[in-house]
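One file, coords_36.cif, is given below (mmCIF, C-alpha atoms (C1' of nucleotides); chains and numbers go by the auth columns).
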data_coords
loop_
_atom_site.group_PDB
_atom_site.id
_atom_site.type_symbol
_atom_site.label_atom_id
_atom_site.label_comp_id
_atom_site.label_asym_id
_atom_site.label_seq_id
_atom_site.Cartn_x
_atom_site.Cartn_y
_atom_site.Cartn_z
_atom_site.B_iso_or_equiv
_atom_site.auth_seq_id
_atom_site.auth_asym_id
ATOM 1 C CA MET A 1 76.440 132.067 105.493 0.00 36 A
ATOM 2 C CA GLY A 2 78.941 133.748 103.271 0.00 37 A
ATOM 3 C CA PHE A 3 80.576 132.041 100.346 0.00 38 A
ATOM 4 C CA LYS A 4 83.353 134.145 98.976 0.00 39 A
ATOM 5 C CA LYS A 5 86.249 133.406 96.704 0.00 40 A
ATOM 6 C CA LEU A 6 89.604 133.831 98.372 0.00 41 A
ATOM 7 C CA PRO A 7 91.364 136.921 97.000 0.00 42 A
ATOM 8 C CA LEU A 8 94.720 136.809 95.291 0.00 43 A
ATOM 9 C CA SER A 9 96.266 138.445 98.351 0.00 44 A
ATOM 10 C CA PHE A 10 95.542 135.291 100.345 0.00 45 A
ATOM 11 C CA TYR A 11 98.101 133.417 98.263 0.00 46 A
ATOM 12 C CA LEU A 12 100.686 136.153 98.136 0.00 47 A
ATOM 13 C CA ARG A 13 101.575 136.000 101.811 0.00 48 A
ATOM 14 C CA GLY A 14 105.066 134.829 102.638 0.00 49 A
ATOM 15 C CA ASP A 15 104.291 132.285 105.351 0.00 50 A
ATOM 16 C CA VAL A 16 103.519 129.072 103.486 0.00 51 A
ATOM 17 C CA VAL A 17 102.969 127.149 106.733 0.00 52 A
ATOM 18 C CA GLN A 18 100.358 129.636 107.903 0.00 53 A
ATOM 19 C CA ILE A 19 98.566 129.485 104.545 0.00 54 A
ATOM 20 C CA SER A 20 98.563 125.692 104.717 0.00 55 A
ATOM 21 C CA LYS A 21 96.716 125.867 108.013 0.00 56 A
ATOM 22 C CA ASP A 22 94.372 128.564 106.738 0.00 57 A
ATOM 23 C CA LEU A 23 93.407 126.337 103.807 0.00 58 A
ATOM 24 C CA LEU A 24 91.994 123.664 106.098 0.00 59 A
ATOM 25 C CA GLY A 25 88.204 123.950 106.032 0.00 60 A
ATOM 26 C CA LYS A 26 88.190 126.014 102.829 0.00 61 A
ATOM 27 C CA VAL A 27 86.331 124.813 99.753 0.00 62 A
ATOM 28 C CA LEU A 28 88.100 123.858 96.558 0.00 63 A
ATOM 29 C CA VAL A 29 85.953 124.317 93.461 0.00 64 A
ATOM 30 C CA THR A 30 86.534 123.265 89.876 0.00 65 A
ATOM 31 C CA ALA A 31 84.005 123.886 87.127 0.00 66 A
ATOM 32 C CA TRP A 32 85.427 122.966 83.767 0.00 67 A
ATOM 33 C CA ASN A 33 83.122 121.737 80.977 0.00 68 A
ATOM 34 C CA ASP A 34 80.052 122.610 83.031 0.00 69 A
ATOM 35 C CA GLU A 35 80.990 119.904 85.503 0.00 70 A
ATOM 36 C CA LYS A 36 81.089 121.554 88.880 0.00 71 A
ATOM 37 C CA THR A 37 82.755 119.755 91.737 0.00 72 A
ATOM 38 C CA SER A 38 83.665 121.079 95.151 0.00 73 A
ATOM 39 C CA GLY A 39 85.098 119.735 98.353 0.00 74 A
ATOM 40 C CA ARG A 40 86.312 120.893 101.724 0.00 75 A
ATOM 41 C CA ILE A 41 90.057 120.774 102.183 0.00 76 A
ATOM 42 C CA VAL A 42 90.951 118.589 105.155 0.00 77 A
ATOM 43 C CA GLU A 43 94.637 117.877 104.604 0.00 78 A
ATOM 44 C CA THR A 44 97.542 119.894 103.211 0.00 79 A
ATOM 45 C CA GLU A 45 101.304 119.827 103.030 0.00 80 A
ATOM 46 C CA ALA A 46 103.622 122.814 102.776 0.00 81 A
ATOM 47 C CA TYR A 47 106.658 122.828 100.513 0.00 82 A
ATOM 48 C CA ALA A 48 108.923 125.681 101.455 0.00 83 A
ATOM 49 C CA GLY A 49 110.859 126.499 98.351 0.00 84 A
ATOM 50 C CA GLU A 50 114.395 125.872 97.217 0.00 85 A
ATOM 51 C CA ILE A 51 115.791 125.181 100.671 0.00 86 A
ATOM 52 C CA ASP A 52 113.268 122.386 101.188 0.00 87 A
ATOM 53 C CA LYS A 53 114.788 119.199 99.830 0.00 88 A
ATOM 54 C CA ALA A 54 111.376 117.546 99.606 0.00 89 A
ATOM 55 C CA SER A 55 110.211 120.170 97.142 0.00 90 A
ATOM 56 C CA HIS A 56 110.730 119.875 93.433 0.00 91 A
ATOM 57 C CA ALA A 57 111.967 123.428 93.564 0.00 92 A
ATOM 58 C CA SER A 58 115.077 122.354 95.490 0.00 93 A
ATOM 59 C CA LYS A 59 116.498 121.013 92.238 0.00 94 A
ATOM 60 C CA GLY A 60 116.426 124.480 90.816 0.00 95 A
ATOM 61 C CA LYS A 61 114.218 126.209 88.339 0.00 96 A
ATOM 62 C CA THR A 62 113.394 123.920 85.444 0.00 97 A
ATOM 63 C CA ALA A 63 110.737 123.766 82.793 0.00 98 A
ATOM 64 C CA ARG A 64 108.511 121.807 85.143 0.00 99 A
ATOM 65 C CA THR A 65 108.964 123.928 88.248 0.00 100 A
ATOM 66 C CA THR A 66 108.748 127.347 86.649 0.00 101 A
ATOM 67 C CA VAL A 67 105.195 127.740 87.914 0.00 102 A
ATOM 68 C CA ILE A 68 106.264 127.250 91.536 0.00 103 A
ATOM 69 C CA PHE A 69 108.764 130.046 91.228 0.00 104 A
ATOM 70 C CA GLY A 70 106.074 132.289 89.825 0.00 105 A
ATOM 71 C CA SER A 71 103.603 134.447 91.696 0.00 106 A
ATOM 72 C CA GLY A 72 101.112 132.940 94.157 0.00 107 A
ATOM 73 C CA GLY A 73 97.549 132.038 93.288 0.00 108 A
ATOM 74 C CA ALA A 74 98.399 129.592 90.507 0.00 109 A
ATOM 75 C CA ALA A 75 97.866 125.868 90.197 0.00 110 A
ATOM 76 C CA TYR A 76 100.806 123.496 89.927 0.00 111 A
ATOM 77 C CA VAL A 77 99.758 120.125 88.602 0.00 112 A
ATOM 78 C CA TYR A 78 102.326 117.384 88.532 0.00 113 A
ATOM 79 C CA LEU A 79 102.197 113.848 87.244 0.00 114 A
ATOM 80 C CA CYS A 80 103.547 111.331 89.741 0.00 115 A
ATOM 81 C CA TYR A 81 104.437 107.696 89.001 0.00 116 A
ATOM 82 C CA GLY A 82 102.930 108.166 85.602 0.00 117 A
ATOM 83 C CA ILE A 83 99.456 107.784 87.052 0.00 118 A
ATOM 84 C CA HIS A 84 98.547 110.420 89.589 0.00 119 A
ATOM 85 C CA GLN A 85 97.837 114.060 88.881 0.00 120 A
ATOM 86 C CA MET A 86 98.798 115.960 92.000 0.00 121 A
ATOM 87 C CA PHE A 87 97.257 119.353 92.613 0.00 122 A
ATOM 88 C CA ASN A 88 99.326 122.036 94.324 0.00 123 A
ATOM 89 C CA ILE A 89 98.728 125.669 95.141 0.00 124 A
ATOM 90 C CA VAL A 90 101.544 128.093 94.463 0.00 125 A
ATOM 91 C CA THR A 91 101.955 130.764 97.115 0.00 126 A
ATOM 92 C CA SER A 92 104.102 133.764 97.964 0.00 127 A
ATOM 93 C CA LYS A 93 105.353 136.338 95.519 0.00 128 A
ATOM 94 C CA GLU A 94 107.214 135.782 92.305 0.00 129 A
ATOM 95 C CA GLY A 95 110.693 134.349 92.801 0.00 130 A
ATOM 96 C CA THR A 96 109.793 132.425 95.965 0.00 131 A
ATOM 97 C CA ALA A 97 109.118 128.756 95.292 0.00 132 A
ATOM 98 C CA HIS A 98 106.466 128.039 97.879 0.00 133 A
ATOM 99 C CA ALA A 99 103.762 125.469 97.165 0.00 134 A
ATOM 100 C CA ILE A 100 101.061 123.606 99.054 0.00 135 A
ATOM 101 C CA LEU A 101 99.978 120.098 98.160 0.00 136 A
ATOM 102 C CA ILE A 102 96.307 119.311 98.676 0.00 137 A
ATOM 103 C CA ARG A 103 96.348 115.815 100.126 0.00 138 A
ATOM 104 C CA ALA A 104 92.682 115.245 100.939 0.00 139 A
ATOM 105 C CA VAL A 105 89.255 116.849 100.631 0.00 140 A
ATOM 106 C CA GLU A 106 85.757 116.037 101.788 0.00 141 A
ATOM 107 C CA PRO A 107 83.301 115.935 98.836 0.00 142 A
ATOM 108 C CA ILE A 108 80.517 118.526 98.804 0.00 143 A
ATOM 109 C CA GLU A 109 79.175 119.010 95.291 0.00 144 A
ATOM 110 C CA GLY A 110 79.397 116.892 92.159 0.00 145 A
ATOM 111 C CA VAL A 111 79.875 113.561 93.888 0.00 146 A
ATOM 112 C CA ASP A 112 78.365 111.792 90.896 0.00 147 A
ATOM 113 C CA ILE A 113 80.949 113.414 88.655 0.00 148 A
ATOM 114 C CA MET A 114 83.718 112.375 91.029 0.00 149 A
ATOM 115 C CA LEU A 115 82.485 108.795 91.001 0.00 150 A
ATOM 116 C CA GLN A 116 82.400 108.855 87.232 0.00 151 A
ATOM 117 C CA ARG A 117 85.977 110.170 87.034 0.00 152 A
ATOM 118 C CA THR A 118 87.330 107.559 89.400 0.00 153 A
ATOM 119 C CA GLY A 119 85.200 104.669 88.178 0.00 154 A
ATOM 120 C CA LYS A 120 83.884 104.072 91.672 0.00 155 A
ATOM 121 C CA LYS A 121 80.286 103.150 92.419 0.00 156 A
ATOM 122 C CA VAL A 122 79.609 104.644 95.817 0.00 157 A
ATOM 123 C CA LEU A 123 80.906 107.459 97.984 0.00 158 A
ATOM 124 C CA ASP A 124 83.247 106.356 100.729 0.00 159 A
ATOM 125 C CA HIS A 125 86.305 107.841 102.361 0.00 160 A
ATOM 126 C CA SER A 126 88.618 106.337 99.789 0.00 161 A
ATOM 127 C CA LEU A 127 87.155 108.574 97.072 0.00 162 A
ATOM 128 C CA THR A 128 89.074 111.735 97.897 0.00 163 A
ATOM 129 C CA ARG A 129 91.657 110.478 100.345 0.00 164 A
ATOM 130 C CA GLY A 130 95.231 110.988 99.193 0.00 165 A
ATOM 131 C CA PRO A 131 96.674 113.470 96.721 0.00 166 A
ATOM 132 C CA GLY A 132 96.432 111.151 93.739 0.00 167 A
ATOM 133 C CA ASN A 133 92.709 110.756 94.259 0.00 168 A
ATOM 134 C CA VAL A 134 92.180 114.466 94.836 0.00 169 A
ATOM 135 C CA GLY A 135 93.705 115.185 91.450 0.00 170 A
ATOM 136 C CA LYS A 136 91.531 112.552 89.874 0.00 171 A
ATOM 137 C CA VAL A 137 88.129 113.520 91.285 0.00 172 A
ATOM 138 C CA PHE A 138 88.602 117.183 90.461 0.00 173 A
ATOM 139 C CA GLY A 139 89.623 116.359 86.939 0.00 174 A
ATOM 140 C CA PHE A 140 93.089 117.890 87.141 0.00 175 A
ATOM 141 C CA HIS A 141 95.613 117.303 84.425 0.00 176 A
ATOM 142 C CA THR A 142 99.169 118.458 83.923 0.00 177 A
ATOM 143 C CA SER A 143 97.890 120.610 81.082 0.00 178 A
ATOM 144 C CA GLN A 144 96.172 122.706 83.758 0.00 179 A
ATOM 145 C CA CYS A 145 99.502 123.625 85.309 0.00 180 A
ATOM 146 C CA GLY A 146 99.765 127.377 85.731 0.00 181 A
ATOM 147 C CA LEU A 147 96.038 128.109 85.783 0.00 182 A
ATOM 148 C CA SER A 148 94.884 130.948 87.994 0.00 183 A
ATOM 149 C CA LEU A 149 93.120 130.144 91.252 0.00 184 A
ATOM 150 C CA VAL A 150 90.988 133.245 91.009 0.00 185 A
ATOM 151 C CA SER A 151 89.158 132.285 87.835 0.00 186 A
ATOM 152 C CA ASP A 152 85.597 131.033 87.398 0.00 187 A
ATOM 153 C CA GLU A 153 86.698 127.520 86.531 0.00 188 A
ATOM 154 C CA LEU A 154 89.044 127.038 89.424 0.00 189 A
ATOM 155 C CA PHE A 155 89.079 128.744 92.803 0.00 190 A
ATOM 156 C CA ILE A 156 89.024 128.276 96.542 0.00 191 A
ATOM 157 C CA ALA A 157 86.222 129.719 98.622 0.00 192 A
ATOM 158 C CA ASP A 158 85.522 130.478 102.256 0.00 193 A
ATOM 159 C CA ASP A 159 81.992 129.500 103.242 0.00 194 A
ATOM 160 C CA GLY A 160 82.367 130.535 106.836 0.00 195 A
ATOM 161 C CA PHE A 161 83.332 127.092 108.074 0.00 196 A
ATOM 162 C CA LYS A 162 85.982 127.351 110.765 0.00 197 A
ATOM 163 C CA ILE A 163 88.292 124.661 112.014 0.00 198 A
ATOM 164 C CA LYS A 164 89.090 125.072 115.677 0.00 199 A
ATOM 165 C CA GLU A 165 92.783 125.443 116.382 0.00 200 A
ATOM 166 C CA GLN A 166 92.725 122.387 118.653 0.00 201 A
ATOM 167 C CA ASN A 167 91.291 120.309 115.828 0.00 202 A
ATOM 168 C CA ILE A 168 94.230 121.019 113.557 0.00 203 A
ATOM 169 C CA GLY A 169 96.849 118.308 113.692 0.00 204 A
ATOM 170 C CA SER A 170 100.360 118.399 112.260 0.00 205 A
ATOM 171 C CA SER A 171 102.904 115.753 111.399 0.00 206 A
ATOM 172 C CA PRO A 172 105.896 115.091 109.185 0.00 207 A
ATOM 173 C CA ARG A 173 105.107 114.877 105.504 0.00 208 A
ATOM 174 C CA ILE A 174 104.317 111.615 103.804 0.00 209 A
ATOM 175 C CA GLY A 175 106.220 109.897 101.046 0.00 210 A
ATOM 176 C CA VAL A 176 109.258 112.149 101.128 0.00 211 A
ATOM 177 C CA ASP A 177 111.736 109.962 102.985 0.00 212 A
ATOM 178 C CA TYR A 178 114.346 110.721 100.383 0.00 213 A
ATOM 179 C CA ALA A 179 114.506 114.322 101.590 0.00 214 A
ATOM 180 C CA GLY A 180 116.783 113.628 104.568 0.00 215 A
ATOM 181 C CA ASP A 181 116.327 115.970 107.513 0.00 216 A
ATOM 182 C CA ASP A 182 113.661 117.955 105.707 0.00 217 A
ATOM 183 C CA ALA A 183 111.454 114.859 105.638 0.00 218 A
ATOM 184 C CA LEU A 184 111.045 115.312 109.397 0.00 219 A
ATOM 185 C CA LEU A 185 109.634 118.824 109.238 0.00 220 A
ATOM 186 C CA PRO A 186 106.071 119.011 110.624 0.00 221 A
ATOM 187 C CA TYR A 187 104.713 120.563 107.436 0.00 222 A
ATOM 188 C CA ARG A 188 101.646 118.387 107.057 0.00 223 A
ATOM 189 C CA PHE A 189 98.379 119.718 108.463 0.00 224 A
ATOM 190 C CA TYR A 190 95.056 117.954 108.771 0.00 225 A
ATOM 191 C CA VAL A 191 91.671 118.072 110.432 0.00 226 A
ATOM 192 C CA LYS A 192 91.676 115.731 113.393 0.00 227 A
ATOM 193 C CA GLY A 193 89.115 112.938 113.284 0.00 228 A
ATOM 194 C CA ASN A 194 88.070 113.543 109.691 0.00 229 A
ATOM 195 C CA PRO A 195 87.643 110.193 107.893 0.00 230 A
ATOM 196 C CA PHE A 196 88.948 111.631 104.622 0.00 231 A
ATOM 197 C CA VAL A 197 92.379 112.419 106.063 0.00 232 A
ATOM 198 C CA SER A 198 94.855 109.977 104.614 0.00 233 A
ATOM 199 C CA GLY A 199 97.320 109.747 107.467 0.00 234 A
ATOM 200 C CA LYS A 200 96.061 107.087 109.801 0.00 235 A
ATOM 201 C CA ILE A 201 95.977 104.231 107.360 0.00 236 A
ATOM 202 C CA LYS A 202 99.467 104.923 106.071 0.00 237 A
ATOM 203 C CA LYS A 203 102.486 103.321 107.601 0.00 238 A
ATOM 204 C "C1'" DG B 1 95.390 92.606 109.037 0.00 272 B
ATOM 205 C "C1'" DA B 2 100.026 93.507 107.226 0.00 273 B
ATOM 206 C "C1'" DG B 3 103.434 93.648 103.824 0.00 274 B
ATOM 207 C "C1'" DT B 4 104.884 93.896 98.972 0.00 275 B
ATOM 208 C "C1'" DA B 5 104.846 94.475 94.098 0.00 276 B
ATOM 209 C "C1'" DG B 6 103.125 96.476 89.912 0.00 277 B
ATOM 210 C "C1'" DA B 7 101.169 100.114 87.227 0.00 278 B
ATOM 211 C "C1'" DT B 8 102.824 103.808 83.848 0.00 279 B
ATOM 212 C "C1'" DC B 9 104.827 108.271 81.843 0.00 280 B
ATOM 213 C "C1'" DC B 10 106.887 112.698 82.285 0.00 281 B
ATOM 214 C "C1'" DT B 11 111.122 114.994 83.684 0.00 282 B
ATOM 215 C "C1'" DC B 12 115.852 115.564 84.428 0.00 283 B
ATOM 216 C "C1'" DT B 13 120.745 113.458 84.184 0.00 284 B
ATOM 217 C "C1'" DG C 1 117.768 105.598 81.273 0.00 139 C
ATOM 218 C "C1'" DA C 2 116.249 106.008 86.035 0.00 140 C
ATOM 219 C "C1'" DG C 3 113.147 107.372 89.299 0.00 141 C
ATOM 220 C "C1'" DG C 4 109.258 109.765 91.501 0.00 142 C
ATOM 221 C "C1'" DA C 5 105.168 114.621 96.886 0.00 143 C
ATOM 222 C "C1'" DT C 6 101.025 107.352 95.018 0.00 144 C
ATOM 223 C "C1'" DC C 7 97.269 103.891 94.933 0.00 145 C
ATOM 224 C "C1'" DT C 8 95.454 99.436 94.543 0.00 146 C
ATOM 225 C "C1'" DA C 9 95.311 94.656 94.588 0.00 147 C
ATOM 226 C "C1'" DC C 10 97.080 90.584 95.775 0.00 148 C
ATOM 227 C "C1'" DT C 11 99.633 87.363 98.765 0.00 149 C
ATOM 228 C "C1'" DC C 12 100.486 85.351 103.118 0.00 150 C
ATOM 229 C "C1'" DA C 13 99.550 84.508 107.871 0.00 151 C
#

Target encoding structure tokens, full file:
Amino acid sequence: MGFKKLPLSFYLRGDVVQISKDLLGKVLVTAWNDEKTSGRIVETEAYAGEIDKASHASKGKTARTTVIFGSGGAAYVYLCYGIHQMFNIVTSKEGTAHAILIRAVEPIEGVDIMLQRTGKKVLDHSLTRGPGNVGKVFGFHTSQCGLSLVSDELFIADDGFKIKEQNIGSSPRIGVDYAGDDALLPYRFYVKGNPFVSGKIKK
DNA sequence: GAGTAGATCCTCT
DNA sequence: GAGGATCTACTCA
């Protein structure tokens, strides 16, 4: 069973929707301060640059969104509602503001660390369900915005796990009603039947 | 079980 | 000075 870090070229491709689907089943790993945590990605959302009204990049290049406009393979961490650290993956080449939000993962390693970070006692599907929780269990912080995804502290790996095409579901994105027509785009992808996917319990 | 409000702080107007 | 790519807990039925 191979376990290899995804190369920078994976993130530099121009089709953000395709990359979002490719990320399903991959393993997200963080290892800062000797605290290694990893989890399988089971839900993603694509944000297709400046033309996508749901993306922060649609408001133009600002101090906050500079990372999204940069080259792929970087982390974009954003604080939402003053509470939640949201982890995004920047894709495509420099000048194209593509990003992918990691909405849910399935814990693999470092569950005890995740529990400690969230203050929870036991592992259940609420631990890593939803983007706010993903940011929390992996210890992301806005200060980590711009970090490389091909470093030793932060990377995504392929361990040979494959999601069958028929097990990939898609739907409109969540929580972006303000984006008008773009809120209807089927840019959310998830693993069907996985208990860590956040969709079913949302309205 | 479903619906609603509050938390909480950085960013842009 | 307002609002946001959210989550949780609490109320009411």

* Return as a PyMOL selection string the residues belonging to chain B that are within 10 Å of chain A, counting all atoms listed in the file. => chain B and resi 278-283

* Asked: What does the PyMOL selection byres ((chain C) within 10 of (chain A)) select in this file, as a list in words?
  ->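 With the shown file as input, the PyMOL selection byres ((chain C) within 10 of (chain A)) matches DG141, DG142, DA143, DT144 and DC145 of chain C.
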
Care to translate the PyMOL selection byres ((chain A and resi 86) around 12) into actual residues of this file, as an mmCIF file with C-alpha atoms, keeping the file's coordinate frame?
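Just written: out28.cif:
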data_model
loop_
_atom_site.group_PDB
_atom_site.id
_atom_site.type_symbol
_atom_site.label_atom_id
_atom_site.label_comp_id
_atom_site.auth_asym_id
_atom_site.auth_seq_id
_atom_site.Cartn_x
_atom_site.Cartn_y
_atom_site.Cartn_z
ATOM 1 C CA TYR A 82 106.658 122.828 100.513
ATOM 2 C CA ALA A 83 108.923 125.681 101.455
ATOM 3 C CA GLY A 84 110.859 126.499 98.351
ATOM 4 C CA GLU A 85 114.395 125.872 97.217
ATOM 5 C CA ASP A 87 113.268 122.386 101.188
ATOM 6 C CA LYS A 88 114.788 119.199 99.830
ATOM 7 C CA ALA A 89 111.376 117.546 99.606
ATOM 8 C CA SER A 90 110.211 120.170 97.142
ATOM 9 C CA HIS A 91 110.730 119.875 93.433
ATOM 10 C CA ALA A 92 111.967 123.428 93.564
ATOM 11 C CA SER A 93 115.077 122.354 95.490
ATOM 12 C CA LYS A 94 116.498 121.013 92.238
ATOM 13 C CA GLY A 95 116.426 124.480 90.816
ATOM 14 C CA THR A 131 109.793 132.425 95.965
ATOM 15 C CA ALA A 132 109.118 128.756 95.292
ATOM 16 C CA HIS A 133 106.466 128.039 97.879
ATOM 17 C CA ALA A 214 114.506 114.322 101.590
ATOM 18 C CA ASP A 216 116.327 115.970 107.513
ATOM 19 C CA ASP A 217 113.661 117.955 105.707
#

**Message:** What would the selection look like, as a list in words, if the PyMOL selection byres ((chain B and resi 274) around 10) were run on the coordinates I just shared?
**Reply:** DG272, DA273, DT275 and DA276 of chain B; DT149 and DC150 of chain C

Same residues, C-alpha atoms (C1' of nucleotides), output as a short mmCIF file (atom, residue, chain, number, x, y, z; two decimals), keeping the file's coordinate frame:
data_model
loop_
_atom_site.label_atom_id
_atom_site.label_comp_id
_atom_site.auth_asym_id
_atom_site.auth_seq_id
_atom_site.Cartn_x
_atom_site.Cartn_y
_atom_site.Cartn_z
"C1'" DG B 272 95.39 92.61 109.04
"C1'" DA B 273 100.03 93.51 107.23
"C1'" DT B 275 104.88 93.90 98.97
"C1'" DA B 276 104.85 94.48 94.10
"C1'" DT C 149 99.63 87.36 98.76
"C1'" DC C 150 100.49 85.35 103.12
#

*asked:* as a ChimeraX atom specification, please: the residues near A:Ser161 (cut-off 12 Å, all atoms listed in the file, same-chain neighbours under 4 positions excluded).
replied: /A:139-142,149-150,153,155-157,165-169,172,230-233,236 /C:145-146

Please provide as a compact mmCIF listing (two decimals) with C-alpha atoms, in the coordinates of the input all residues within 9 Å of A:Lys71, with the sequence filter that same-chain residues fewer than 4 positions apart are discarded (counting only C-alpha atoms (C1' of nucleotides)).
# COMPACT_ATOMS: atom_id res chain seq x y z
CA VAL A 64 85.95 124.32 93.46
CA THR A 65 86.53 123.26 89.88
CA ALA A 66 84.00 123.89 87.13
CA TRP A 67 85.43 122.97 83.77
CA GLU A 144 79.18 119.01 95.29
CA GLY A 145 79.40 116.89 92.16
CA ILE A 148 80.95 113.41 88.66
CA PHE A 173 88.60 117.18 90.46
CA GLU A 188 86.70 127.52 86.53

* Considering only C-alpha atoms (C1' of nucleotides), return as a PyMOL selection string whatever protein or nucleic-acid residues lie within 7 Å of A:Ile76, sequence-local ones (same chain, fewer than 2 positions apart) excluded. => chain A and resi 58-63+74+78+139-141

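Here atom CA of A:Ser73 is placed at a distance of 9.7 Å from atom CA of A:Ala192.
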
| task | Kindly give the distance, in Å, that separates atom CA of A:Thr163 and atom CA of A:Ile137, rounded to a single decimal. | result |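 Computed distance, atom CA of A:Thr163 to atom CA of A:Ile137, equals 10.5 Å.
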
Please determine an axis-aligned box that encloses all atoms of stretch 273-282 of chain B listed in the file, with 8 Å added on each side, and express its centre and edge lengths in Å to one decimal as AutoDock Vina command-line options.
--center_x 105.6 --center_y 104.3 --center_z 94.5 --size_x 27.1 --size_y 37.5 --size_z 41.4

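When atom CA of A:Ala109 is paired with atom CA of A:Glu200, their separation reads 26.8 Å.
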
- Message: Give me, as a VMD selection string, all polymer residues having an atom no more than 9 Å from A:Ser55, counting all atoms listed in the file and skipping those fewer than 5 positions away in the same chain.
- Response: chain A and resid 50 78 to 81 135 to 136 222 to 224
